[in-house]
$ cat upload_18.json   # JSON, N, CA and C atoms
[["chain", "number", "residue", "atom", "x", "y", "z"],
["A", 1, "MET", "N", 120.68, 113.29, 77.06],
["A", 1, "MET", "CA", 120.83, 113.03, 78.48],
["A", 1, "MET", "C", 121.07, 114.35, 79.21],
["A", 2, "ALA", "N", 120.53, 114.42, 80.40],
["A", 2, "ALA", "CA", 120.68, 115.63, 81.21],
["A", 2, "ALA", "C", 122.12, 115.77, 81.70],
["A", 3, "THR", "N", 122.59, 117.02, 81.74],
["A", 3, "THR", "CA", 123.96, 117.26, 82.19],
["A", 3, "THR", "C", 124.02, 117.88, 83.58],
["A", 4, "LYS", "N", 123.09, 118.74, 83.90],
["A", 4, "LYS", "CA", 123.08, 119.37, 85.22],
["A", 4, "LYS", "C", 122.50, 118.42, 86.26],
["A", 5, "LYS", "N", 122.93, 118.60, 87.49],
["A", 5, "LYS", "CA", 122.49, 117.74, 88.58],
["A", 5, "LYS", "C", 120.97, 117.83, 88.78],
["A", 6, "SER", "N", 120.43, 119.02, 88.73],
["A", 6, "SER", "CA", 118.99, 119.20, 88.94],
["A", 6, "SER", "C", 118.18, 118.57, 87.80],
["A", 7, "ALA", "N", 118.71, 118.64, 86.59],
["A", 7, "ALA", "CA", 118.03, 118.04, 85.44],
["A", 7, "ALA", "C", 118.02, 116.52, 85.55],
["A", 8, "LYS", "N", 119.12, 115.95, 86.04],
["A", 8, "LYS", "CA", 119.18, 114.49, 86.25],
["A", 8, "LYS", "C", 118.16, 114.07, 87.30],
["A", 9, "LYS", "N", 118.08, 114.85, 88.38],
["A", 9, "LYS", "CA", 117.14, 114.55, 89.45],
["A", 9, "LYS", "C", 115.71, 114.59, 88.92],
["A", 10, "ARG", "N", 115.38, 115.62, 88.14],
["A", 10, "ARG", "CA", 114.03, 115.75, 87.59],
["A", 10, "ARG", "C", 113.71, 114.57, 86.67],
["A", 11, "SER", "N", 114.71, 114.12, 85.92],
["A", 11, "SER", "CA", 114.52, 112.98, 85.03],
["A", 11, "SER", "C", 114.19, 111.72, 85.83],
["A", 12, "ILE", "N", 114.91, 111.51, 86.91],
["A", 12, "ILE", "CA", 114.67, 110.34, 87.77],
["A", 12, "ILE", "C", 113.28, 110.43, 88.40],
["A", 13, "GLN", "N", 112.92, 111.62, 88.89],
["A", 13, "GLN", "CA", 111.61, 111.81, 89.51],
["A", 13, "GLN", "C", 110.49, 111.56, 88.50],
["A", 14, "SER", "N", 110.71, 112.02, 87.28],
["A", 14, "SER", "CA", 109.72, 111.85, 86.23],
["A", 14, "SER", "C", 109.48, 110.38, 85.93],
["A", 15, "LYS", "N", 110.56, 109.60, 85.87],
["A", 15, "LYS", "CA", 110.44, 108.16, 85.61],
["A", 15, "LYS", "C", 109.68, 107.47, 86.74],
["A", 16, "LYS", "N", 109.99, 107.83, 87.98],
["A", 16, "LYS", "CA", 109.30, 107.24, 89.13],
["A", 16, "LYS", "C", 107.81, 107.55, 89.10],
["A", 17, "ARG", "N", 107.48, 108.81, 88.82],
["A", 17, "ARG", "CA", 106.07, 109.21, 88.77],
["A", 17, "ARG", "C", 105.34, 108.51, 87.64],
["A", 18, "ARG", "N", 106.01, 108.34, 86.50],
["A", 18, "ARG", "CA", 105.41, 107.69, 85.35],
["A", 18, "ARG", "C", 105.01, 106.26, 85.69],
["A", 19, "ILE", "N", 105.91, 105.54, 86.35],
["A", 19, "ILE", "CA", 105.64, 104.15, 86.75],
["A", 19, "ILE", "C", 104.50, 104.11, 87.76],
["A", 20, "PHE", "N", 104.55, 104.99, 88.75],
["A", 20, "PHE", "CA", 103.50, 105.05, 89.77],
["A", 20, "PHE", "C", 102.15, 105.35, 89.15],
["A", 21, "ASN", "N", 102.10, 106.36, 88.27],
["A", 21, "ASN", "CA", 100.85, 106.74, 87.63],
["A", 21, "ASN", "C", 100.32, 105.64, 86.73],
["A", 22, "PHE", "N", 101.21, 104.92, 86.05],
["A", 22, "PHE", "CA", 100.79, 103.83, 85.18],
["A", 22, "PHE", "C", 100.11, 102.73, 85.99],
["A", 23, "SER", "N", 100.68, 102.39, 87.15],
["A", 23, "SER", "CA", 100.09, 101.34, 87.98],
["A", 23, "SER", "C", 98.73, 101.77, 88.52],
["A", 24, "ARG", "N", 98.59, 103.04, 88.88],
["A", 24, "ARG", "CA", 97.30, 103.54, 89.38],
["A", 24, "ARG", "C", 96.24, 103.53, 88.27],
["A", 25, "LYS", "N", 96.62, 103.92, 87.07],
["A", 25, "LYS", "CA", 95.68, 103.90, 85.95],
["A", 25, "LYS", "C", 95.26, 102.48, 85.63],
["A", 26, "SER", "N", 96.20, 101.55, 85.72],
["A", 26, "SER", "CA", 95.91, 100.15, 85.48],
["A", 26, "SER", "C", 94.90, 99.63, 86.50],
["A", 27, "MET", "N", 95.09, 99.99, 87.77],
["A", 27, "MET", "CA", 94.17, 99.59, 88.82],
["A", 27, "MET", "C", 92.78, 100.18, 88.55],
["A", 28, "MET", "N", 92.73, 101.42, 88.10],
["A", 28, "MET", "CA", 91.46, 102.07, 87.79],
["A", 28, "MET", "C", 90.72, 101.29, 86.70],
["A", 29, "LYS", "N", 91.44, 100.95, 85.63],
["A", 29, "LYS", "CA", 90.83, 100.22, 84.52],
["A", 29, "LYS", "C", 90.33, 98.86, 84.97],
["A", 30, "THR", "N", 91.08, 98.19, 85.84],
["A", 30, "THR", "CA", 90.69, 96.88, 86.35],
["A", 30, "THR", "C", 89.38, 96.98, 87.12],
["A", 31, "PHE", "N", 89.26, 97.97, 88.00],
["A", 31, "PHE", "CA", 88.04, 98.11, 88.79],
["A", 31, "PHE", "C", 86.85, 98.50, 87.93],
["A", 32, "ILE", "N", 87.08, 99.29, 86.90],
["A", 32, "ILE", "CA", 85.99, 99.64, 85.98],
["A", 32, "ILE", "C", 85.50, 98.38, 85.27],
["A", 33, "LYS", "N", 86.42, 97.55, 84.82],
["A", 33, "LYS", "CA", 86.05, 96.31, 84.15],
["A", 33, "LYS", "C", 85.30, 95.37, 85.08],
["A", 34, "LYS", "N", 85.76, 95.27, 86.34],
["A", 34, "LYS", "CA", 85.09, 94.41, 87.31],
["A", 34, "LYS", "C", 83.67, 94.90, 87.58],
["A", 35, "THR", "N", 83.50, 96.20, 87.67],
["A", 35, "THR", "CA", 82.17, 96.78, 87.91],
["A", 35, "THR", "C", 81.25, 96.48, 86.73],
["A", 36, "LEU", "N", 81.74, 96.69, 85.53],
["A", 36, "LEU", "CA", 80.93, 96.44, 84.34],
["A", 36, "LEU", "C", 80.59, 94.96, 84.19],
["A", 37, "LEU", "N", 81.51, 94.10, 84.57],
["A", 37, "LEU", "CA", 81.26, 92.65, 84.51],
["A", 37, "LEU", "C", 80.18, 92.26, 85.52],
["A", 38, "ALA", "N", 80.23, 92.83, 86.72],
["A", 38, "ALA", "CA", 79.22, 92.54, 87.73],
["A", 38, "ALA", "C", 77.84, 93.01, 87.27],
["A", 39, "ILE", "N", 77.80, 94.15, 86.59],
["A", 39, "ILE", "CA", 76.53, 94.65, 86.05],
["A", 39, "ILE", "C", 76.01, 93.70, 84.99],
["A", 40, "LYS", "N", 76.91, 93.25, 84.14],
["A", 40, "LYS", "CA", 76.53, 92.35, 83.05],
["A", 40, "LYS", "C", 75.99, 91.02, 83.57],
["A", 41, "GLU", "N", 76.54, 90.58, 84.71],
["A", 41, "GLU", "CA", 76.11, 89.30, 85.30],
["A", 41, "GLU", "C", 74.88, 89.44, 86.19],
["A", 42, "ASN", "N", 74.26, 90.62, 86.21],
["A", 42, "ASN", "CA", 73.07, 90.91, 87.01],
["A", 42, "ASN", "C", 73.28, 90.72, 88.50],
["A", 43, "ASN", "N", 74.48, 90.96, 88.98],
["A", 43, "ASN", "CA", 74.78, 90.84, 90.40],
["A", 43, "ASN", "C", 74.75, 92.23, 91.02],
["A", 44, "LYS", "N", 73.61, 92.56, 91.63],
["A", 44, "LYS", "CA", 73.40, 93.92, 92.14],
["A", 44, "LYS", "C", 74.33, 94.25, 93.29],
["A", 45, "GLU", "N", 74.45, 93.34, 94.26],
["A", 45, "GLU", "CA", 75.28, 93.61, 95.44],
["A", 45, "GLU", "C", 76.75, 93.79, 95.06],
["A", 46, "LEU", "N", 77.24, 92.90, 94.21],
["A", 46, "LEU", "CA", 78.64, 92.98, 93.79],
["A", 46, "LEU", "C", 78.90, 94.24, 92.98],
["A", 47, "SER", "N", 77.97, 94.58, 92.11],
["A", 47, "SER", "CA", 78.16, 95.78, 91.29],
["A", 47, "SER", "C", 78.14, 97.04, 92.16],
["A", 48, "GLN", "N", 77.29, 97.07, 93.19],
["A", 48, "GLN", "CA", 77.26, 98.21, 94.11],
["A", 48, "GLN", "C", 78.57, 98.32, 94.88],
["A", 49, "ASP", "N", 79.09, 97.17, 95.30],
["A", 49, "ASP", "CA", 80.35, 97.14, 96.04],
["A", 49, "ASP", "C", 81.50, 97.65, 95.17],
["A", 50, "PHE", "N", 81.59, 97.13, 93.95],
["A", 50, "PHE", "CA", 82.65, 97.57, 93.04],
["A", 50, "PHE", "C", 82.47, 99.03, 92.65],
["A", 51, "LEU", "N", 81.23, 99.48, 92.56],
["A", 51, "LEU", "CA", 80.97, 100.88, 92.22],
["A", 51, "LEU", "C", 81.57, 101.81, 93.27],
["A", 52, "LYS", "N", 81.37, 101.49, 94.54],
["A", 52, "LYS", "CA", 81.93, 102.32, 95.61],
["A", 52, "LYS", "C", 83.45, 102.39, 95.52],
["A", 53, "LYS", "N", 84.07, 101.23, 95.30],
["A", 53, "LYS", "CA", 85.53, 101.18, 95.21],
["A", 53, "LYS", "C", 86.02, 101.95, 93.98],
["A", 54, "THR", "N", 85.32, 101.78, 92.87],
["A", 54, "THR", "CA", 85.71, 102.45, 91.63],
["A", 54, "THR", "C", 85.59, 103.97, 91.78],
["A", 55, "GLN", "N", 84.50, 104.42, 92.38],
["A", 55, "GLN", "CA", 84.33, 105.86, 92.59],
["A", 55, "GLN", "C", 85.43, 106.43, 93.47],
["A", 56, "LYS", "N", 85.78, 105.69, 94.51],
["A", 56, "LYS", "CA", 86.84, 106.13, 95.42],
["A", 56, "LYS", "C", 88.16, 106.27, 94.67],
["A", 57, "ILE", "N", 88.49, 105.28, 93.85],
["A", 57, "ILE", "CA", 89.74, 105.30, 93.09],
["A", 57, "ILE", "C", 89.73, 106.45, 92.08],
["A", 58, "LEU", "N", 88.62, 106.62, 91.37],
["A", 58, "LEU", "CA", 88.52, 107.69, 90.38],
["A", 58, "LEU", "C", 88.68, 109.07, 91.03],
["A", 59, "ASP", "N", 88.05, 109.25, 92.19],
["A", 59, "ASP", "CA", 88.16, 110.53, 92.88],
["A", 59, "ASP", "C", 89.59, 110.80, 93.34],
["A", 60, "LYS", "N", 90.26, 109.77, 93.84],
["A", 60, "LYS", "CA", 91.64, 109.94, 94.28],
["A", 60, "LYS", "C", 92.55, 110.30, 93.12],
["A", 61, "LEU", "N", 92.38, 109.61, 91.99],
["A", 61, "LEU", "CA", 93.23, 109.89, 90.84],
["A", 61, "LEU", "C", 92.97, 111.29, 90.29],
["A", 62, "ALA", "N", 91.73, 111.72, 90.32],
["A", 62, "ALA", "CA", 91.41, 113.08, 89.86],
["A", 62, "ALA", "C", 92.00, 114.12, 90.81],
["A", 63, "LYS", "N", 91.95, 113.84, 92.10],
["A", 63, "LYS", "CA", 92.48, 114.77, 93.09],
["A", 63, "LYS", "C", 93.99, 114.93, 92.93],
["A", 64, "LYS", "N", 94.68, 113.82, 92.61],
["A", 64, "LYS", "CA", 96.13, 113.86, 92.44],
["A", 64, "LYS", "C", 96.54, 114.24, 91.03],
["A", 65, "ARG", "N", 95.54, 114.54, 90.20],
["A", 65, "ARG", "CA", 95.75, 114.96, 88.81],
["A", 65, "ARG", "C", 96.44, 113.91, 87.95],
["A", 66, "ILE", "N", 96.19, 112.65, 88.27],
["A", 66, "ILE", "CA", 96.68, 111.57, 87.42],
["A", 66, "ILE", "C", 95.76, 111.44, 86.21],
["A", 67, "ILE", "N", 94.46, 111.64, 86.46],
["A", 67, "ILE", "CA", 93.49, 111.77, 85.37],
["A", 67, "ILE", "C", 92.75, 113.09, 85.56],
["A", 68, "HIS", "N", 92.12, 113.57, 84.51],
["A", 68, "HIS", "CA", 91.39, 114.84, 84.60],
["A", 68, "HIS", "C", 90.09, 114.62, 85.37],
["A", 69, "LYS", "N", 89.65, 115.63, 86.10],
["A", 69, "LYS", "CA", 88.45, 115.49, 86.92],
["A", 69, "LYS", "C", 87.21, 115.24, 86.07],
["A", 70, "ASN", "N", 87.16, 115.78, 84.85],
["A", 70, "ASN", "CA", 86.02, 115.53, 83.98],
["A", 70, "ASN", "C", 86.00, 114.08, 83.49],
["A", 71, "LYS", "N", 87.16, 113.51, 83.28],
["A", 71, "LYS", "CA", 87.25, 112.11, 82.88],
["A", 71, "LYS", "C", 86.72, 111.22, 84.00],
["A", 72, "SER", "N", 87.09, 111.55, 85.21],
["A", 72, "SER", "CA", 86.60, 110.82, 86.38],
["A", 72, "SER", "C", 85.08, 110.90, 86.46],
["A", 73, "SER", "N", 84.55, 112.08, 86.30],
["A", 73, "SER", "CA", 83.10, 112.28, 86.35],
["A", 73, "SER", "C", 82.39, 111.53, 85.23],
["A", 74, "ARG", "N", 82.99, 111.53, 84.07],
["A", 74, "ARG", "CA", 82.40, 110.84, 82.92],
["A", 74, "ARG", "C", 82.31, 109.34, 83.17],
["A", 75, "TYR", "N", 83.40, 108.75, 83.69],
["A", 75, "TYR", "CA", 83.39, 107.32, 84.00],
["A", 75, "TYR", "C", 82.31, 106.99, 85.03],
["A", 76, "LYS", "N", 82.26, 107.79, 86.10],
["A", 76, "LYS", "CA", 81.28, 107.53, 87.16],
["A", 76, "LYS", "C", 79.85, 107.66, 86.62],
["A", 77, "SER", "N", 79.61, 108.67, 85.81],
["A", 77, "SER", "CA", 78.29, 108.89, 85.25],
["A", 77, "SER", "C", 77.85, 107.73, 84.37],
["A", 78, "ARG", "N", 78.73, 107.26, 83.52],
["A", 78, "ARG", "CA", 78.39, 106.16, 82.61],
["A", 78, "ARG", "C", 78.12, 104.87, 83.37],
["A", 79, "ILE", "N", 78.91, 104.61, 84.39],
["A", 79, "ILE", "CA", 78.70, 103.40, 85.19],
["A", 79, "ILE", "C", 77.37, 103.50, 85.94],
["A", 80, "MET", "N", 77.08, 104.66, 86.51],
["A", 80, "MET", "CA", 75.82, 104.85, 87.24],
["A", 80, "MET", "C", 74.62, 104.69, 86.31],
["A", 81, "LYS", "N", 74.71, 105.20, 85.09],
["A", 81, "LYS", "CA", 73.63, 105.04, 84.13],
["A", 81, "LYS", "C", 73.36, 103.57, 83.85],
["A", 82, "LYS", "N", 74.44, 102.80, 83.69],
["A", 82, "LYS", "CA", 74.28, 101.37, 83.41],
["A", 82, "LYS", "C", 73.66, 100.65, 84.60],
["A", 83, "ILE", "N", 74.09, 100.99, 85.80],
["A", 83, "ILE", "CA", 73.53, 100.35, 87.00],
["A", 83, "ILE", "C", 72.06, 100.71, 87.16],
["A", 84, "ASN", "N", 71.72, 101.97, 87.01],
["A", 84, "ASN", "CA", 70.33, 102.40, 87.15],
["A", 84, "ASN", "C", 69.43, 101.78, 86.09],
["A", 85, "LYS", "N", 69.94, 101.66, 84.89],
["A", 85, "LYS", "CA", 69.16, 101.06, 83.81],
["A", 85, "LYS", "C", 68.94, 99.57, 84.07],
["A", 86, "LYS", "N", 69.97, 98.90, 84.56],
["A", 86, "LYS", "CA", 69.91, 97.45, 84.75],
["A", 86, "LYS", "C", 69.04, 97.07, 85.96],
["A", 87, "PHE", "N", 69.16, 97.82, 87.05],
["A", 87, "PHE", "CA", 68.53, 97.40, 88.30],
["A", 87, "PHE", "C", 67.36, 98.29, 88.72],
["A", 88, "SER", "N", 66.83, 99.10, 87.83],
["A", 88, "SER", "CA", 65.72, 99.98, 88.19],
["A", 88, "SER", "C", 64.40, 99.23, 88.31],
["A", 89, "ASN", "N", 64.29, 98.09, 87.68],
["A", 89, "ASN", "CA", 63.03, 97.32, 87.70],
["A", 89, "ASN", "C", 62.77, 96.66, 89.00]]
$ encode --input "upload_18.json" --output "structure tokens"
Amino acid sequence: MATKKSAKKRSIQSKKRRIFNFSRKSMMKTFIKKTLLAIKENNKELSQDFLKKTQKILDKLAKKRIIHKNKSSRYKSRIMKKINKKFSN
């Protein structure tokens, strides 16, 4: 356990950030799953809508360094490949 006042404060801040970051990552995963499900169901409009929201969330998380920017790019790239492959015909 921390003994100095500043160390206690940092510990509390760390716990708060951990909870906040966990909820944001959970939201990210949920939107990725929804996007992939819409693609699987051949729903072009819904998948495009979820794609926009997912990209926005991924960019925000990368900007705030909750996830790495390359991870964000990788997710977006893979989702776009699936959408283009599914709806290119």
$ residues_near_point --input "upload_18.json" --point "(88.0, 101.9, 96.6)" --cutoff "12 Å" --atoms "only C-alpha atoms" --output "list in words"
Arg24, Met27, Met28, Thr30, Phe31, Ile32, Thr35, Gln48, Asp49, Phe50, Leu51, Lys52, Lys53, Thr54, Gln55, Lys56, Ile57, Leu58, Asp59, Lys60 and Leu61 of chain A
$ select_by_dssp --input "upload_18.json" --residues "chain A" --states "helix (DSSP H, G or I)" --output "PyMOL selection string"
chain A and resi 5-40+44-63+69-87
$ atom_distance --input "upload_18.json" --atom1 "atom CA of Ala62 of chain A" --atom2 "atom CA of Lys76 of chain A"
11.9 Å
$ atom_distance --input "upload_18.json" --atom1 "atom N of Lys25 of chain A" --atom2 "atom N of Lys69 of chain A"
13.7 Å
$ closest_residue --input "upload_18.json" --among "A:Asn21, A:Lys4, A:Asn84, A:Lys16" --to "Ile66 of chain A" --atoms "only C-alpha atoms"
A:Asn21
$ closest_residue --input "upload_18.json" --among "A:Ile12, A:Ile67, A:Ile83, A:Ala2" --to "Leu37 of chain A" --atoms "only C-alpha atoms"
A:Ile83
$ axis_aligned_box --input "upload_18.json" --around "segment 18-21 of chain A" --padding-each-side "4 Å" --output "JSON"
{"center_x": 103.2, "center_y": 106.2, "center_z": 87.6, "size_x": 13.7, "size_y": 12.2, "size_z": 12.4}
$ atom_distance --input "upload_18.json" --atom1 "atom CA of Phe87 of chain A" --atom2 "atom CA of Asn42 of chain A"
8.0 Å
